[in-house]
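File shown here: model01.cif, holding mmCIF, C-alpha atoms and all ligand atoms.
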```cif
data_entry
loop_
_atom_site.label_atom_id
_atom_site.label_comp_id
_atom_site.auth_asym_id
_atom_site.auth_seq_id
_atom_site.Cartn_x
_atom_site.Cartn_y
_atom_site.Cartn_z
CA MET N 1 -33.92 2.50 -10.60
CA LYS N 2 -31.68 1.99 -13.64
CA THR N 3 -30.38 -1.07 -15.48
CA VAL N 4 -26.94 -1.37 -17.06
CA GLU N 5 -26.50 -4.23 -19.54
CA ILE N 6 -23.14 -5.96 -19.95
CA ASN N 7 -23.20 -8.07 -23.08
CA THR N 8 -19.91 -9.59 -24.18
CA ALA N 9 -18.97 -12.39 -26.58
CA THR N 10 -19.36 -14.92 -23.77
CA CYS N 11 -21.98 -13.55 -21.44
CA SER N 12 -24.95 -11.40 -20.79
CA SER N 13 -25.20 -9.73 -17.41
CA ARG N 14 -27.34 -6.88 -16.06
CA VAL N 15 -26.84 -4.55 -13.15
CA ILE N 16 -30.00 -3.14 -11.60
CA CYS N 17 -29.17 -0.22 -9.36
CA GLY N 18 -31.03 2.30 -7.29
CA GLU N 19 -33.54 2.43 -4.46
CA GLY N 20 -36.05 -0.41 -4.52
CA ALA N 21 -33.81 -2.68 -6.63
CA PHE N 22 -33.67 -5.35 -3.89
CA ASN N 23 -37.37 -5.51 -3.01
CA GLU N 24 -38.53 -5.32 -6.60
CA ASN N 25 -36.25 -8.02 -7.96
CA ILE N 26 -34.95 -10.44 -5.35
CA PRO N 27 -38.23 -12.23 -4.48
CA ALA N 28 -38.81 -12.96 -8.19
CA LEU N 29 -35.22 -14.15 -8.64
CA CYS N 30 -35.69 -16.65 -5.78
CA ARG N 31 -39.11 -17.89 -6.83
CA ASP N 32 -39.49 -21.54 -7.93
CA LYS N 33 -35.77 -22.21 -7.67
CA LEU N 34 -33.42 -23.96 -5.35
CA THR N 35 -31.06 -21.27 -4.14
CA PHE N 36 -27.87 -21.15 -2.10
CA THR N 37 -27.02 -17.88 -0.40
CA VAL N 38 -23.58 -16.92 0.88
CA THR N 39 -23.20 -14.03 3.27
CA ASP N 40 -20.87 -12.99 6.10
CA SER N 41 -21.43 -12.81 9.84
CA ASN N 42 -21.80 -8.99 9.90
CA VAL N 43 -24.34 -8.80 7.10
CA TYR N 44 -26.25 -11.77 8.54
CA ARG N 45 -26.43 -10.13 11.98
CA ILE N 46 -27.74 -6.83 10.62
CA TYR N 47 -30.09 -8.19 7.96
CA ARG N 48 -31.25 -11.44 9.57
CA PRO N 49 -34.96 -10.84 8.70
CA LEU N 50 -34.08 -10.57 4.99
CA PHE N 51 -32.37 -13.94 5.11
CA ASP N 52 -35.17 -15.60 7.12
CA ASP N 53 -38.02 -14.13 5.08
CA ILE N 54 -36.53 -14.41 1.58
CA PHE N 55 -33.36 -16.43 0.99
CA ALA N 56 -33.93 -19.20 3.56
CA LYS N 57 -37.36 -19.93 2.06
CA SER N 58 -35.84 -21.09 -1.22
CA GLY N 59 -32.68 -22.83 -0.01
CA ALA N 60 -29.70 -22.83 2.31
CA VAL N 61 -28.00 -19.75 3.78
CA HIS N 62 -24.28 -20.20 4.40
CA VAL N 63 -22.57 -17.67 6.69
CA ILE N 64 -18.79 -17.15 6.51
CA PRO N 65 -16.75 -15.13 9.03
CA ALA N 66 -16.63 -11.43 8.11
CA GLY N 67 -13.31 -10.04 6.91
CA GLU N 68 -10.55 -10.38 4.34
CA LYS N 69 -9.13 -13.47 6.09
CA SER N 70 -12.06 -15.51 4.81
CA LYS N 71 -10.79 -15.32 1.22
CA ASN N 72 -8.98 -18.65 1.49
CA TYR N 73 -9.32 -22.20 0.20
CA SER N 74 -10.68 -23.72 3.40
CA VAL N 75 -13.60 -21.27 3.45
CA LEU N 76 -14.07 -21.94 -0.30
CA LEU N 77 -14.11 -25.69 0.35
CA GLY N 78 -16.66 -25.16 3.14
CA ILE N 79 -18.93 -23.33 0.70
CA LEU N 80 -18.57 -26.05 -1.96
CA LYS N 81 -19.32 -28.84 0.55
CA ALA N 82 -22.37 -26.95 1.82
CA MET N 83 -23.56 -26.52 -1.79
CA LEU N 84 -23.27 -30.25 -2.30
CA SER N 85 -25.05 -31.19 0.90
CA SER N 86 -27.87 -28.72 0.22
CA GLY N 87 -28.58 -30.59 -3.01
CA LEU N 88 -27.70 -27.70 -5.32
CA LYS N 89 -28.23 -28.52 -8.99
CA ARG N 90 -26.93 -27.03 -12.19
CA ASN N 91 -30.08 -24.96 -12.67
CA SER N 92 -29.91 -23.60 -9.10
CA THR N 93 -28.88 -20.04 -8.27
CA VAL N 94 -26.16 -18.83 -5.92
CA PHE N 95 -26.72 -15.46 -4.25
CA ALA N 96 -23.69 -13.59 -2.94
CA VAL N 97 -25.02 -11.10 -0.38
CA GLY N 98 -22.24 -9.00 1.10
CA GLY N 99 -19.12 -6.98 0.35
CA GLY N 100 -16.13 -7.74 -1.85
CA VAL N 101 -14.99 -10.82 0.06
CA VAL N 102 -18.38 -12.54 -0.12
CA GLY N 103 -18.78 -11.58 -3.79
CA ASP N 104 -15.33 -12.87 -4.74
CA ILE N 105 -15.47 -16.20 -2.91
CA ALA N 106 -19.15 -17.00 -3.57
CA GLY N 107 -18.61 -16.07 -7.22
CA LEU N 108 -15.64 -18.42 -7.39
CA ALA N 109 -17.64 -21.24 -5.76
CA ALA N 110 -20.52 -20.64 -8.22
CA SER N 111 -18.09 -20.84 -11.14
CA LEU N 112 -16.60 -24.13 -9.91
CA TYR N 113 -19.61 -26.05 -8.67
CA MET N 114 -20.83 -28.39 -11.44
CA ARG N 115 -18.67 -26.26 -13.79
CA GLY N 116 -20.87 -23.26 -13.14
CA VAL N 117 -24.29 -22.45 -11.71
CA HIS N 118 -26.38 -19.27 -11.98
CA LEU N 119 -24.99 -16.37 -9.94
CA VAL N 120 -26.64 -13.22 -8.55
CA GLN N 121 -24.50 -10.64 -6.79
CA VAL N 122 -26.15 -8.51 -4.09
CA PRO N 123 -23.39 -6.10 -3.03
CA THR N 124 -24.01 -4.53 0.39
CA THR N 125 -20.98 -2.21 0.65
CA LEU N 126 -20.19 0.91 -1.32
CA LEU N 127 -16.96 -0.64 -2.62
CA SER N 128 -18.68 -3.77 -3.88
CA GLN N 129 -21.52 -1.77 -5.46
CA VAL N 130 -19.22 0.52 -7.45
CA ASP N 131 -16.58 -2.02 -8.34
CA SER N 132 -16.12 -5.61 -7.22
CA SER N 133 -19.61 -7.04 -7.84
CA VAL N 134 -19.58 -5.86 -11.47
CA GLY N 135 -17.49 -7.43 -14.21
CA GLY N 136 -17.21 -11.06 -13.15
CA LYS N 137 -13.89 -11.26 -11.34
CA THR N 138 -13.89 -13.94 -8.63
CA ALA N 139 -10.98 -14.97 -6.43
CA ILE N 140 -9.38 -16.15 -3.22
CA ASP N 141 -5.91 -15.33 -1.88
CA LEU N 142 -3.20 -17.99 -1.64
CA CYS N 143 0.18 -17.97 0.14
CA GLY N 144 -0.33 -14.32 1.02
CA ILE N 145 -0.87 -13.28 -2.60
CA LYS N 146 -4.07 -11.42 -3.24
CA ASN N 147 -6.66 -12.79 -5.69
CA ILE N 148 -4.15 -15.22 -7.18
CA VAL N 149 -6.66 -18.06 -7.66
CA GLY N 150 -9.83 -17.08 -9.46
CA THR N 151 -12.00 -17.06 -12.55
CA PHE N 152 -13.82 -14.64 -14.80
CA TYR N 153 -17.44 -15.59 -14.19
CA GLN N 154 -20.17 -13.06 -14.88
CA PRO N 155 -23.15 -12.86 -12.54
CA GLU N 156 -26.43 -13.01 -14.46
CA THR N 157 -27.73 -10.17 -12.31
CA VAL N 158 -26.24 -7.65 -9.89
CA ILE N 159 -28.65 -5.87 -7.54
CA ALA N 160 -26.99 -2.71 -6.23
CA ASP N 161 -29.46 -1.17 -3.79
CA PRO N 162 -28.34 1.85 -1.74
CA MET N 163 -30.62 0.76 1.15
CA PHE N 164 -27.66 -1.30 2.39
CA LEU N 165 -25.46 1.78 2.70
CA SER N 166 -27.51 3.16 5.60
CA THR N 167 -25.96 0.61 7.97
CA LEU N 168 -22.38 0.96 6.70
CA PRO N 169 -19.77 2.21 9.17
CA ALA N 170 -18.11 5.51 8.08
CA ARG N 171 -14.86 3.65 7.47
CA GLU N 172 -16.56 1.36 4.95
CA VAL N 173 -17.94 4.40 3.14
CA ARG N 174 -14.41 5.78 2.89
CA CYS N 175 -13.23 2.47 1.42
CA GLY N 176 -15.85 2.72 -1.31
CA LEU N 177 -14.82 6.31 -1.99
CA GLY N 178 -11.36 4.94 -2.80
CA GLU N 179 -12.76 3.09 -5.82
CA ILE N 180 -15.00 6.07 -6.71
CA ILE N 181 -12.04 8.48 -6.78
CA LYS N 182 -10.13 5.88 -8.80
CA THR N 183 -12.97 5.88 -11.34
CA GLY N 184 -12.81 9.69 -11.31
CA ALA N 185 -9.18 9.42 -12.41
CA LEU N 186 -10.37 7.37 -15.43
CA ASN N 187 -13.52 9.20 -16.48
CA LYS N 188 -13.82 12.94 -17.13
CA ASP N 189 -17.52 13.26 -16.20
CA ILE N 190 -17.01 11.45 -12.90
CA TYR N 191 -13.89 13.57 -12.22
CA ASN N 192 -15.93 16.75 -12.77
CA LYS N 193 -18.75 15.51 -10.53
CA LEU N 194 -16.24 14.73 -7.76
CA GLN N 195 -14.67 18.17 -8.05
CA GLN N 196 -18.07 19.87 -7.98
CA ASN N 197 -19.18 17.90 -4.92
CA LYS N 198 -15.93 17.61 -3.00
CA GLU N 199 -17.50 19.07 0.17
CA LYS N 200 -20.12 16.34 0.29
CA LEU N 201 -18.41 13.18 -0.91
CA GLU N 202 -19.89 11.16 1.96
CA ASP N 203 -23.48 12.42 1.59
CA ALA N 204 -26.01 9.69 0.91
CA ASP N 205 -27.65 11.53 -2.01
CA PHE N 206 -24.33 12.17 -3.74
CA LEU N 207 -23.32 8.53 -3.30
CA LYS N 208 -26.60 7.21 -4.72
CA ASP N 209 -25.99 9.23 -7.86
CA ILE N 210 -22.31 8.41 -8.34
CA ILE N 211 -22.82 4.65 -7.82
CA TYR N 212 -24.67 4.48 -11.14
CA ASP N 213 -21.97 6.50 -12.92
CA CYS N 214 -19.20 4.21 -11.65
CA ILE N 215 -21.15 1.08 -12.61
CA ALA N 216 -21.83 2.48 -16.08
CA HIS N 217 -18.13 3.31 -16.53
CA LYS N 218 -17.05 -0.15 -15.41
CA ALA N 219 -19.67 -1.85 -17.60
CA ASP N 220 -18.37 0.03 -20.63
CA VAL N 221 -14.79 -1.10 -19.89
CA VAL N 222 -15.82 -4.74 -19.29
CA ILE N 223 -17.84 -4.86 -22.52
CA LYS N 224 -14.73 -3.76 -24.44
CA ASP N 225 -12.20 -5.91 -22.59
CA GLU N 226 -13.74 -8.59 -20.38
CA ARG N 227 -10.51 -10.57 -19.87
CA GLU N 228 -8.23 -7.62 -19.10
CA SER N 229 -5.95 -7.75 -22.09
CA GLY N 230 -5.83 -3.95 -22.37
CA LEU N 231 -8.42 -1.37 -21.37
CA ARG N 232 -9.57 -3.21 -18.22
CA LYS N 233 -6.09 -2.77 -16.77
CA THR N 234 -7.01 0.89 -16.25
CA LEU N 235 -9.36 -0.24 -13.46
CA ASN N 236 -6.26 -1.29 -11.52
CA LEU N 237 -5.12 2.31 -11.07
CA GLY N 238 -3.66 2.67 -7.56
CA HIS N 239 -3.96 -1.08 -6.97
CA THR N 240 -0.37 -2.17 -7.72
CA THR N 241 1.16 -0.16 -4.89
CA GLY N 242 -2.05 -0.44 -2.86
CA HIS N 243 -1.95 -4.27 -2.98
CA ALA N 244 1.78 -4.28 -2.16
CA PHE N 245 1.20 -2.18 0.97
CA GLU N 246 -1.85 -4.27 1.80
CA LEU N 247 0.23 -7.46 1.72
CA TYR N 248 2.98 -5.95 3.81
CA TYR N 249 1.13 -3.86 6.38
CA LYS N 250 -2.24 -5.67 6.49
CA ARG N 251 -3.86 -3.41 9.12
CA LYS N 252 -6.09 -1.31 6.88
CA SER N 253 -8.77 -2.43 4.48
CA HIS N 254 -8.59 -2.82 0.71
CA GLY N 255 -10.28 0.48 -0.14
CA GLU N 256 -7.97 2.41 2.20
CA PHE N 257 -4.93 0.83 0.56
CA VAL N 258 -6.29 1.76 -2.88
CA LEU N 259 -6.36 5.41 -1.77
CA ILE N 260 -2.84 5.18 -0.32
CA GLY N 261 -1.59 3.37 -3.44
CA MET N 262 -3.13 6.03 -5.66
CA TYR N 263 -1.41 8.77 -3.68
CA TYR N 264 2.05 7.17 -3.99
CA GLU N 265 1.47 6.40 -7.67
CA LEU N 266 0.43 10.02 -8.34
CA TYR N 267 3.74 11.07 -6.85
CA ILE N 268 5.48 8.68 -9.27
CA ALA N 269 3.44 9.97 -12.23
CA VAL N 270 4.42 13.58 -11.50
CA ARG N 271 8.03 12.63 -10.82
CA CYS N 272 8.22 10.80 -14.18
CA GLY N 273 6.66 13.75 -16.02
CA ILE N 274 3.49 11.88 -17.01
CA CYS N 275 1.01 13.84 -14.93
CA ALA N 276 0.91 17.64 -14.53
CA PRO N 277 1.34 18.66 -10.85
CA GLU N 278 -1.92 20.70 -10.93
CA TYR N 279 -3.96 17.70 -12.06
CA ALA N 280 -2.24 15.41 -9.55
CA ASP N 281 -2.98 17.95 -6.79
CA SER N 282 -6.67 18.01 -7.65
CA LEU N 283 -6.83 14.21 -7.20
CA ILE N 284 -4.63 14.32 -4.09
CA ASN N 285 -6.97 16.88 -2.60
CA LEU N 286 -9.86 14.41 -2.97
CA ILE N 287 -7.79 11.56 -1.51
CA LYS N 288 -6.73 13.61 1.50
CA ARG N 289 -10.35 14.43 2.29
CA ILE N 290 -10.89 10.73 2.87
CA ILE N 291 -7.67 9.43 4.43
CA LYS N 292 -4.42 10.57 6.05
CA ILE N 293 -1.55 9.21 3.96
CA PRO N 294 1.00 7.29 6.05
CA ALA N 295 4.72 8.09 5.66
CA TYR N 296 5.74 4.43 5.76
CA ALA N 297 9.24 4.07 7.20
CA ASP N 298 9.88 0.86 5.27
CA ALA N 299 7.94 1.84 2.12
CA GLU N 300 10.87 0.87 -0.09
CA LYS N 301 10.78 -2.72 1.18
CA ALA N 302 6.97 -2.92 1.34
CA CYS N 303 6.44 -1.80 -2.24
CA LEU N 304 8.59 -4.69 -3.48
CA MET N 305 5.57 -6.91 -2.79
CA ALA N 306 4.26 -5.41 -6.04
CA ALA N 307 6.56 -7.79 -7.89
CA TYR N 308 4.23 -10.64 -6.77
CA ASP N 309 1.19 -8.92 -8.22
CA LYS N 310 -0.42 -11.06 -10.91
CA LYS N 311 -0.84 -7.96 -13.09
CA ASN N 312 2.91 -7.79 -13.37
CA VAL N 313 4.07 -9.80 -16.34
CA ARG N 314 7.80 -9.03 -16.31
CA ALA N 315 9.81 -9.83 -13.20
CA GLU N 316 12.23 -6.94 -13.58
CA GLU N 317 9.59 -4.24 -14.11
CA ILE N 318 6.62 -2.87 -12.22
CA SER N 319 3.62 -1.95 -14.33
CA LEU N 320 1.42 0.87 -13.05
CA MET N 321 -1.69 2.56 -14.42
CA VAL N 322 -1.32 6.25 -13.69
CA PRO N 323 -3.48 9.30 -14.41
CA ALA N 324 -1.91 11.28 -17.26
CA LYS N 325 -4.63 13.81 -18.19
CA ILE N 326 -8.23 14.17 -17.07
CA GLY N 327 -10.01 11.00 -18.18
CA GLN N 328 -6.79 9.58 -19.66
CA PRO N 329 -4.80 7.00 -17.71
CA GLU N 330 -1.52 5.63 -19.05
CA GLU N 331 0.54 2.54 -18.38
CA LEU N 332 3.94 3.28 -16.85
CA ARG N 333 6.60 0.58 -16.60
CA LEU N 334 9.46 1.15 -14.22
CA PRO N 335 12.49 -0.99 -13.39
CA VAL N 336 11.95 -2.37 -9.86
CA PRO N 337 14.85 -0.39 -8.23
CA LYS N 338 13.62 2.90 -9.72
CA TYR N 339 10.02 2.23 -8.62
CA ALA N 340 11.20 1.41 -5.08
CA SER N 341 13.44 4.44 -4.82
CA ILE N 342 10.68 6.88 -5.90
CA ILE N 343 8.29 5.28 -3.41
CA ALA N 344 10.93 5.73 -0.68
CA GLU N 345 11.39 9.36 -1.75
CA CYS N 346 7.63 9.96 -1.48
CA ALA N 347 7.54 8.43 2.02
CA ALA N 348 10.53 10.55 3.10
CA GLN N 349 8.86 13.74 1.83
CA LEU N 350 5.66 12.81 3.65
CA LYS N 351 7.67 12.24 6.83
CA GLU N 352 9.22 15.66 6.60
CA ASN N 353 5.77 17.15 5.97
CA ARG N 354 6.89 18.44 2.60
CA LEU N 355 3.85 17.08 0.75
N1 LIG V 401 -11.54 -4.34 -9.83
C1 LIG V 401 -10.97 -4.22 -11.10
C2 LIG V 401 -11.67 -5.05 -12.13
O1 LIG V 401 -12.74 -5.58 -11.90
O2 LIG V 401 -11.15 -5.19 -13.21
#
```
What does the file become when written as structure tokens?
Ligand code: GLY
Amino acid sequence: MKTVEINTATCSSRVICGEGAFNENIPALCRDKLTFTVTDSNVYRIYRPLFDDIFAKSGAVHVIPAGEKSKNYSVLLGILKAMLSSGLKRNSTVFAVGGGVVGDIAGLAASLYMRGVHLVQVPTTLLSQVDSSVGGKTAIDLCGIKNIVGTFYQPETVIADPMFLSTLPAREVRCGLGEIIKTGALNKDIYNKLQQNKEKLEDADFLKDIIYDCIAHKADVVIKDERESGLRKTLNLGHTTGHAFELYYKRKSHGEFVLIGMYYELYIAVRCGICAPEYADSLINLIKRIIKIPAYADAEKACLMAAYDKKNVRAEEISLMVPAKIGQPEELRLPVPKYASIIAECAAQLKENRL
């Protein structure tokens, strides 16, 4: 078990990760407090005894429907009303037990209720353990735009215990690998570890090890740039195009779209001379081990959804974080028509099996 500290000018947060993190810490975090636990219907079904024996003994357990669709204001309002009726006070603690959706919406509710109550994140998916539970971003979607309403609100504690991964469907593991490969495109040591272990990316022992590395990388970035004015933007690698496709096509999950977005953005980076083809190929090789990249027929139209991305500050340009050299991402700004035409070119090449 290891602990990563995230101390910034405004907060102090710790991430405890590794086997035993849940059992050794959660009972003490619930003791002598009024708690309010948010989870989703899938996690509740699988881990019902944990909720009955631990969380329900110190307060209410609120179950939201599983899935991305729950990241909306009516589910948020339901959580806030349930907090109020359970008698939650300012010194109470909210536990977010689930994947990225639960973490984002419960975190947002915790930041709003009484202007902020204590928050503990208990991520149960690979994606939420390596990325979304760490760093204090909370959000819901609005009018079809992802994460457009949210706050920066650091959890006091994150408990990332790999015991939860044993019940994850293979598809969920692949989603988490999307964020892990993204981190590999930002950090040389993680890149090398991925290359050395590319035959066993989905092995439980490899994942347990790399979870800590990804958390440590993210913690380092958040300490330096909590509010995303510079360095933290690197964590959005693959996400601009990934979110655009996610908004347009919807069918796949967030982690899968991150992988697809990364693939298309690597094509752009090579095409614009920022990334050497050999380095891009080594990342593409990892991506293709996890997912088949779709040759979207209407990619040119779909990618225009990127203009609605909140990371985009100029209407006429699309800002992308792309891998330049190993461990060195770079920001690339492209006029919208150029971005769309390169995306279309990539889709056409995929269609003709030329990639
Ligand atoms: N998921 C990217 C970030 O937390 O900044």
Edge lengths and centre in Å to one decimal, as lines of an AutoDock Vina configuration file, is what I'm after for the box along x, y and z that holds all listed atoms of ligand LIG 401 (chain V) once 5 Å is added on each side.
```
center_x = -11.9
center_y = -4.9
center_z = -11.5
size_x = 11.8
size_y = 11.4
size_z = 13.4
```
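Among the candidate residues N:Ile140, N:Met305, N:Ala60, N:Leu177, the one lying nearest to Ser74 (chain N) is N:Ile140, with distances computed using only C-alpha atoms.
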Query - Surrounding residues of Glu300 (chain N) excluding itself and chain neighbours under 3 positions, 10 Å, all atoms listed in the file, as a ChimeraX atom specification - result: /N:296-297,303-305,337,339-347
Query raised in the report: Within 10 Å of region 269-285 of chain N, counting all atoms listed in the file, which residues qualify if same-chain residues fewer than 2 places away don't, as an MDAnalysis selection string?
Result: chainID N and resid 181:182 184:185 191 194:195 198 259 262:267 287:290 320:326 329:332 334 342 346
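Pairwise distance (CA of Val102 (chain N), CA of Ala306 (chain N)) equals 24.5 Å.
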Query - Atomic separation - CA of Asn236 (chain N) relative to CA of Val4 (chain N), Å - result: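 The value is 21.4 Å.
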Residues within 9 Å of ligand LIG 401 (chain V) (all atoms listed in the file), as a tab-separated table (two decimals) with C-alpha atoms, in the frame of the given file?
```
chain	number	residue	atom	x	y	z
N	131	ASP	CA	-16.58	-2.02	-8.34
N	132	SER	CA	-16.12	-5.61	-7.22
N	133	SER	CA	-19.61	-7.04	-7.84
N	134	VAL	CA	-19.58	-5.86	-11.47
N	135	GLY	CA	-17.49	-7.43	-14.21
N	136	GLY	CA	-17.21	-11.06	-13.15
N	137	LYS	CA	-13.89	-11.26	-11.34
N	179	GLU	CA	-12.76	3.09	-5.82
N	218	LYS	CA	-17.05	-0.15	-15.41
N	221	VAL	CA	-14.79	-1.10	-19.89
N	222	VAL	CA	-15.82	-4.74	-19.29
N	226	GLU	CA	-13.74	-8.59	-20.38
N	227	ARG	CA	-10.51	-10.57	-19.87
N	228	GLU	CA	-8.23	-7.62	-19.10
N	232	ARG	CA	-9.57	-3.21	-18.22
N	233	LYS	CA	-6.09	-2.77	-16.77
N	234	THR	CA	-7.01	0.89	-16.25
N	235	LEU	CA	-9.36	-0.24	-13.46
N	236	ASN	CA	-6.26	-1.29	-11.52
N	237	LEU	CA	-5.12	2.31	-11.07
N	239	HIS	CA	-3.96	-1.08	-6.97
```
Query raised in the report: For Asn72 (chain N), which of N:Leu108, N:Leu34, N:Cys11, N:Leu247 is the closest residue, counting only C-alpha atoms?
Result: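 Ranking N:Leu108, N:Leu34, N:Cys11, N:Leu247 by distance to Asn72 (chain N), first place goes to N:Leu108.
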Residue neighbourhood Ala106 (chain N), 9 Å, only C-alpha atoms, exclusion window fewer than 3 positions, as a compact mmCIF listing (two decimals) with C-alpha atoms, in the coordinates of the input:
```
# COMPACT_ATOMS: atom_id res chain seq x y z
CA THR N 37 -27.02 -17.88 -0.40
CA VAL N 38 -23.58 -16.92 0.88
CA THR N 39 -23.20 -14.03 3.27
CA LEU N 76 -14.07 -21.94 -0.30
CA ILE N 79 -18.93 -23.33 0.70
CA VAL N 94 -26.16 -18.83 -5.92
CA PHE N 95 -26.72 -15.46 -4.25
CA ALA N 96 -23.69 -13.59 -2.94
CA VAL N 97 -25.02 -11.10 -0.38
CA VAL N 101 -14.99 -10.82 0.06
CA VAL N 102 -18.38 -12.54 -0.12
CA GLY N 103 -18.78 -11.58 -3.79
CA ALA N 109 -17.64 -21.24 -5.76
CA ALA N 110 -20.52 -20.64 -8.22
CA SER N 111 -18.09 -20.84 -11.14
CA LEU N 119 -24.99 -16.37 -9.94
CA GLN N 121 -24.50 -10.64 -6.79
CA THR N 138 -13.89 -13.94 -8.63
CA ALA N 139 -10.98 -14.97 -6.43
```
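The spacing separating CA of Gly176 (chain N) from CA of Gln154 (chain N) amounts to 21.3 Å.
Using all atoms listed in the file for every distance, the candidate list N:Tyr212, N:Lys81, N:Glu156, N:Val75 yields N:Tyr212 as the residue closest to Thr3 (chain N).
Among the candidate residues N:Val173, N:Asp40, N:Asp225, N:Gln349, the one lying nearest to Asp203 (chain N) is N:Val173, with distances computed using all atoms listed in the file.
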**Report entry** Option closest in space to Asn7 (chain N), from N:Asp298, N:Glu256, N:Asp220, N:Asp209 [counting only C-alpha atoms]
**Finding:**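 Among the listed residues, the smallest separation from Asn7 (chain N) belongs to N:Asp220.
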